[in-house]
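A.B. asks: A single structure is presented below for examination.
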Amino acid sequence: MCKILTFDKGIILPLLRAENISKSFGCVQALKGVSFSLERGEIRGLVGENGAGKSVFLKILGGVHQPDTGEIFWDGEKAEIKNPGDAQDYGYSIVHQESSVLPNRTIAQNIFLGREDMGVKKRMGLDKDDMRERAEDLLEKYFDLSLDAEKSVKELDVVEQKIVEAARALNVEAKVLVFDETTAQLSSEEKKRLFDLLNNLSNQGIGIIFVSHILEEVLECCDTVTVFRNGEEITTEKIEDLTIRKIINFMVGEEKGLSFPPISEPKEEIVLSVENLKSGDGLNGISFDLRKGESIGIMGIRGSGQRELLRTIFGIIPREGGEVKIRGERVKDDPSDAVRKGIVYLTDEREGEGIFSVRSILENLTVESLHLFNNMGVLKLQELGERAENISAEYRIRGMSSLADEASCLSGGNKQKMMLARLALSEPHVLLLSDPGKGVDVEAKEELYKLISKLMEDGTSVLLVSDDVEEITSLCHKVLIMRGGEVRHEMPALEDRSKEILEKIYQ
Amino acid sequence: MNIKSALSSPGVSKEVLIVWIVVIAAPFVGWLIDPGFASLSNFNAVVRYLVPLFIVSIAQAFAIMVMSIDLSVGAAMSFSSAILSYNLVGGYIGAPINILIIIGVGAVIGLANGIGIRKIGISPFAMTFGMLFVLEGITLTIRPYTGGEISEVLVAGWNFQPYSIPVLALITLAGFALVFWYFLDRTALGLHLLSVGENEEVSKRAGVDPDRMKILAHVIAGCLAMVAGLFMALRIEAGSPTLGERYLLLSIAAPVVGGTALSGGKTSSIGILGGAAVLALVSRILTFSPLPEPGRWIVRAIVIIIMLAFAGWFQR
């Protein structure tokens, strides 16, 4: 019925349309009535801060999650998408951020992986020549690329590997291709090549959804941009009508209105100095000084090396050059030396590398400061218990009957407070905090911020990695903005300059 | 199916080339130690020893290429020889029936390993190590000492050696090498096993079922280990409760020396054949040396460790 109407009016139906999609996980509403439509040959940028709902939305289109409400239409007809296989049958494919090819196999084998039955199967075994020919035709047709399909994929450069991934999708007749943060590891020249390829695909009628945190790229290669914020589709605009500043305004919107504690001024004394720090994980020479009681925020789009910086200072990621000094004394490339010298690290992988879930809260609190309660190899249990009781009261760790409870019984916010208390117990000089607000409810967040500012007041210095600009401008004295493993900008972390900070990040 | 395409197929790498250079050089070392090494009867002995070793190495390679391991292959070989030593069905018809029986038993063993590992979630190490003792226990019950009789038809075929040329052994080697190469290079199943071993997540996204592939790999490993046991039994013309044990370390060493990655997803027929041949030659050279038997064991183990160290170094 719908079909006849639209044809009568001479309107071409959109290739893919989603209407009023909502999705909740527990009590968190990830998507609130999102509508979206994509034409043939359109290149659509999809942007939003982390947690804005982009990836949940893409997973619903891809059949990984089922929406609570809303419908999806392909070519104007309602689509029944129960699992990823269904979505693929309709023509939905994703080129993932992390590589999704098998380096040891040939190009042809990669393109036909899982689809060997597509006419290339002879009575016994595969027809290698046919596979090769068809793979080469595909690369030629869509990408204007002549490659020997018998080559191992590991011999290809990064862009070519992405092409093989895209070709695998096109081989199963994809109509919509999602490029999810695909540019993250590409140089600017490689990006140019990728954008040319996107244009090539769009000319052949393939709809493209391009997800990126780098707004400059989005402006460069997309026709239209959709902005998500807090699970809502805020706007969809033509690229001609947009600037980076405009997109950021859509992305950030109003302030969230959390209350932050005041922070004290730092002292003169330099506590931590990082000199030309390099690592194999992509740090390209980073230098800065951290003063007593000072807090420096570190921001950047995902994968710029912020988290790696903390982990390299702490010694989890081996250094490949440079030095870390605390009050002029060299800190070895080793976490136990860092802890001994008063540098402690709060991980963003709380469950995986933060807490000991099946050990007691007492043990979790004191594991990093046992040396303070050591009497010739025997622990002073009385004193240790008292200190733990005191700090758990001070840090308001709630939801336990006693310190003997397993740590796994605590809620996310209380686990995080427990982690911070553990670090505070060891009386550190420098706190490395990676995303302290991650997976923590609003109330606990405010408590955490108070605790952090209290520690700063007592003279502890802080390095804070976060994606939340409000958190950074409220808790930090200055902010370093990273990109590609380098510090690109350094600016004072003032609230009224948060838009400017974001602009520098997404540029 | 020409030599060029076989050599250019993925998996044939510098490790494989080096191992074959060693295979060609080793007989000269043997000849230097004792000129008697360069004889047809010695060639015959090496080849006949190589057959069970090559087959059990392929069995192990099936487990390794899907990032697993099968520590029960040696015990399965002994078990196989013990079953065969009862010659359950005699005569010409009996020969293939006996072989089908051991392959069937091997499939059950492999299925148990695979299900334990993939469906129940036992670590491959623990599961197949446990299986080793289960099989050893059964074998010692039915055949406590070396003995019994193997199908006279199979033994006669195996011993058909005009001019001291081990015809059946050579055909078997060539046949297994070719079939295994074809399987890896030209069948969807072979590619899927390698893909799952290289990256489960990527394979899953491409529609390949990792659970099914890994269980299947263990089933094939079980069957092939039992077939390797057949050729071991033909060599000694009896069933042995313990001889298979000696093949366990070799079954892991041969693929690895031949360029198979312990991290999965990479193996080759020609590499495993080369690796097994090197190990067979080393063993044979040591029997020509004046060392006493325990001394040979020590030297052989040290040589294997050194070769594995080299292989690991190359793969990095």
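As shown in the structure tokens, the chain order sets the letters A, B, ...; within each chain, residues go from 1, and ligands are also counted from 1 in the order they appear.
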DSSP on the backbone, helix (DSSP H, G or I) only: what residues of region 70-253 of chain A does that give? Format it as a PyMOL selection string.

C.D. replies: chain A and resi 84-90+107-111+128-143+153-155+158-171+182-185+188-203+215-221+239-241+244-252

A.B. asks: I need the chain B residues near chain A as a ChimeraX atom specification; criterion: at most 6 Å, counting only C-alpha atoms.

C.D. replies: /B:186-187,202,206-208

A.B. asks: Quick one: residues within 10 Å of Ile83 (chain B), only C-alpha atoms counted, chain neighbours fewer than 6 positions away excluded, as a list in words?

C.D. replies: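 In the requested format, the answer is Met77, Asn98, Ile101, Ile102, Val105, Thr139, Ile142, Arg143, Gly148, Ile150, Met226, Gly229, Leu230, Ala233, Gly239 and Ser240 of chain B.
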
A.B. asks: Next, dump the selected residues to file, keeping only N, CA, C and O atoms, as a PDB file, in the first residue's frame.

C.D. replies:
```pdb
ATOM      1  N   MET B  77      47.519 -44.412  19.699  1.00  0.00           N
ATOM      2  CA  MET B  77      48.288 -45.323  18.830  1.00  0.00           C
ATOM      3  C   MET B  77      48.443 -46.688  19.489  1.00  0.00           C
ATOM      4  O   MET B  77      48.238 -47.726  18.857  1.00  0.00           O
ATOM      5  N   ASN B  98      38.905 -54.351  10.010  1.00  0.00           N
ATOM      6  CA  ASN B  98      39.737 -53.974  11.154  1.00  0.00           C
ATOM      7  C   ASN B  98      40.089 -52.488  11.117  1.00  0.00           C
ATOM      8  O   ASN B  98      40.071 -51.799  12.132  1.00  0.00           O
ATOM      9  N   ILE B 101      37.153 -50.382  12.016  1.00  0.00           N
ATOM     10  CA  ILE B 101      36.875 -50.417  13.461  1.00  0.00           C
ATOM     11  C   ILE B 101      37.750 -49.392  14.197  1.00  0.00           C
ATOM     12  O   ILE B 101      37.259 -48.578  14.987  1.00  0.00           O
ATOM     13  N   ILE B 102      39.063 -49.412  13.904  1.00  0.00           N
ATOM     14  CA  ILE B 102      39.912 -48.476  14.660  1.00  0.00           C
ATOM     15  C   ILE B 102      39.588 -47.031  14.304  1.00  0.00           C
ATOM     16  O   ILE B 102      39.624 -46.148  15.170  1.00  0.00           O
ATOM     17  N   VAL B 105      36.600 -46.110  16.349  1.00  0.00           N
ATOM     18  CA  VAL B 105      36.973 -45.870  17.746  1.00  0.00           C
ATOM     19  C   VAL B 105      37.673 -44.512  17.877  1.00  0.00           C
ATOM     20  O   VAL B 105      37.405 -43.740  18.808  1.00  0.00           O
ATOM     21  N   THR B 139      44.053 -49.930  27.326  1.00  0.00           N
ATOM     22  CA  THR B 139      45.032 -50.681  26.547  1.00  0.00           C
ATOM     23  C   THR B 139      45.754 -51.713  27.416  1.00  0.00           C
ATOM     24  O   THR B 139      45.929 -52.873  27.035  1.00  0.00           O
ATOM     25  N   ILE B 142      43.515 -54.740  28.011  1.00  0.00           N
ATOM     26  CA  ILE B 142      43.310 -55.736  26.949  1.00  0.00           C
ATOM     27  C   ILE B 142      44.629 -56.278  26.402  1.00  0.00           C
ATOM     28  O   ILE B 142      44.678 -57.339  25.806  1.00  0.00           O
ATOM     29  N   ARG B 143      45.726 -55.592  26.616  1.00  0.00           N
ATOM     30  CA  ARG B 143      47.005 -56.068  26.071  1.00  0.00           C
ATOM     31  C   ARG B 143      48.131 -55.641  27.021  1.00  0.00           C
ATOM     32  O   ARG B 143      48.849 -54.679  26.763  1.00  0.00           O
ATOM     33  N   GLY B 148      50.258 -60.632  20.493  1.00  0.00           N
ATOM     34  CA  GLY B 148      49.093 -60.759  19.631  1.00  0.00           C
ATOM     35  C   GLY B 148      49.488 -60.846  18.172  1.00  0.00           C
ATOM     36  O   GLY B 148      50.687 -60.873  17.836  1.00  0.00           O
ATOM     37  N   ILE B 150      48.690 -59.359  14.164  1.00  0.00           N
ATOM     38  CA  ILE B 150      48.050 -58.391  13.284  1.00  0.00           C
ATOM     39  C   ILE B 150      47.571 -59.129  12.047  1.00  0.00           C
ATOM     40  O   ILE B 150      48.180 -60.132  11.646  1.00  0.00           O
ATOM     41  N   MET B 226      44.682 -43.149  15.419  1.00  0.00           N
ATOM     42  CA  MET B 226      44.446 -44.595  15.392  1.00  0.00           C
ATOM     43  C   MET B 226      45.062 -45.216  14.132  1.00  0.00           C
ATOM     44  O   MET B 226      45.621 -46.317  14.181  1.00  0.00           O
ATOM     45  N   GLY B 229      48.554 -45.659  14.621  1.00  0.00           N
ATOM     46  CA  GLY B 229      48.761 -46.852  15.444  1.00  0.00           C
ATOM     47  C   GLY B 229      48.807 -48.115  14.596  1.00  0.00           C
ATOM     48  O   GLY B 229      49.573 -49.042  14.866  1.00  0.00           O
ATOM     49  N   LEU B 230      48.003 -48.145  13.522  1.00  0.00           N
ATOM     50  CA  LEU B 230      48.016 -49.292  12.609  1.00  0.00           C
ATOM     51  C   LEU B 230      49.422 -49.499  12.030  1.00  0.00           C
ATOM     52  O   LEU B 230      49.948 -50.622  12.031  1.00  0.00           O
ATOM     53  N   ALA B 233      51.840 -50.759  14.521  1.00  0.00           N
ATOM     54  CA  ALA B 233      51.636 -52.184  14.770  1.00  0.00           C
ATOM     55  C   ALA B 233      52.221 -53.029  13.635  1.00  0.00           C
ATOM     56  O   ALA B 233      52.792 -54.088  13.872  1.00  0.00           O
ATOM     57  N   GLY B 239      50.733 -55.977  18.926  1.00  0.00           N
ATOM     58  CA  GLY B 239      50.143 -54.865  19.662  1.00  0.00           C
ATOM     59  C   GLY B 239      51.038 -54.522  20.834  1.00  0.00           C
ATOM     60  O   GLY B 239      51.606 -55.403  21.471  1.00  0.00           O
ATOM     61  N   SER B 240      51.199 -53.195  21.122  1.00  0.00           N
ATOM     62  CA  SER B 240      52.043 -52.794  22.242  1.00  0.00           C
ATOM     63  C   SER B 240      51.277 -51.818  23.126  1.00  0.00           C
ATOM     64  O   SER B 240      50.660 -50.879  22.629  1.00  0.00           O
TER      65      SER B 240
END
```

A.B. asks: What's the 7 Å shell around Leu71 (chain B), counting only C-alpha atoms, without same-chain residues fewer than 5 positions away, as a list in words?

C.D. replies: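 Near neighbours after the sequence-gap exclusion: Thr128, Phe129, Leu132 and Leu248 of chain B.
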
A.B. asks: With N, CA, C and O atoms retained, could you export that selection as a PDB file, in the first residue's frame?

C.D. replies:
```pdb
ATOM      1  N   THR B 128      42.681 -33.703  27.093  1.00  0.00           N
ATOM      2  CA  THR B 128      43.370 -34.752  26.340  1.00  0.00           C
ATOM      3  C   THR B 128      44.400 -35.467  27.203  1.00  0.00           C
ATOM      4  O   THR B 128      44.724 -36.621  26.962  1.00  0.00           O
ATOM      5  N   PHE B 129      44.892 -34.777  28.242  1.00  0.00           N
ATOM      6  CA  PHE B 129      45.814 -35.434  29.172  1.00  0.00           C
ATOM      7  C   PHE B 129      45.057 -36.510  29.950  1.00  0.00           C
ATOM      8  O   PHE B 129      45.542 -37.622  30.148  1.00  0.00           O
ATOM      9  N   LEU B 132      44.447 -39.439  27.757  1.00  0.00           N
ATOM     10  CA  LEU B 132      45.657 -40.257  27.638  1.00  0.00           C
ATOM     11  C   LEU B 132      45.608 -41.421  28.635  1.00  0.00           C
ATOM     12  O   LEU B 132      45.834 -42.581  28.284  1.00  0.00           O
ATOM     13  N   LEU B 248      54.373 -39.059  21.235  1.00  0.00           N
ATOM     14  CA  LEU B 248      53.661 -37.841  21.629  1.00  0.00           C
ATOM     15  C   LEU B 248      54.505 -36.589  21.400  1.00  0.00           C
ATOM     16  O   LEU B 248      54.099 -35.659  20.697  1.00  0.00           O
TER      17      LEU B 248
END
```

A.B. asks: Got a sec: who's within 7 Å of Ile313 (chain A), counting only C-alpha atoms, leaving out chain neighbours fewer than 3 positions off, as a list in words?

C.D. replies: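 Residues near the query, excluding close chain neighbours: Leu309, Leu310 and Val324 of chain A.
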
A.B. asks: So which one's closest to Leu186 (chain A), A:Pro261, A:Ile391, A:Asn200, A:Gly303? Using only C-alpha atoms, please.

C.D. replies: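 Ranking A:Pro261, A:Ile391, A:Asn200, A:Gly303 by distance to Leu186 (chain A), first place goes to A:Gly303.
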
A.B. asks: Neighbouring residues of region 267-281 of chain B were defined as those with any atom within 8 Å, considering only C-alpha atoms; residues of the same chain fewer than 2 positions away were excluded. Please report them as an MDAnalysis selection string.

C.D. replies: chainID B and resid 11:12 15:16 19:20 22:23 26:27 46 49:50 53:54 57:58 61 65 177:178 180:181 184 250 253:261 265 283:285 304

A.B. asks: Near Val34 (chain A), counting only C-alpha atoms, which residues have an atom at most 7 Å away, once you skip same-chain residues fewer than 3 positions from it, shown as a PyMOL selection string?

C.D. replies: chain A and resi 19-22+31+232-233

A.B. asks: Record the distance separating CA of Arg193 (chain A) and CA of Met131 (chain A), expressed in Å with one decimal.

C.D. replies: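 Computed distance, CA of Arg193 (chain A) to CA of Met131 (chain A), equals 26.0 Å.
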
A.B. asks: Do you have the CA of Phe183 (chain B)-CA of Cys223 (chain B) distance handy?

C.D. replies: 15.7 Å

A.B. asks: Separation of CA of Gly315 (chain A) and CA of Val339 (chain A), in Å?

C.D. replies: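 That distance, rounded to one decimal, is 10.0 Å.
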
A.B. asks: Can you work out which one of B:Tyr163, B:Ile305, B:Ser151, B:Gly175 has the shortest atom-to-atom distance to Val89 (chain B), counting only C-alpha atoms?

C.D. replies: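 Nearest to Val89 (chain B): B:Ser151.
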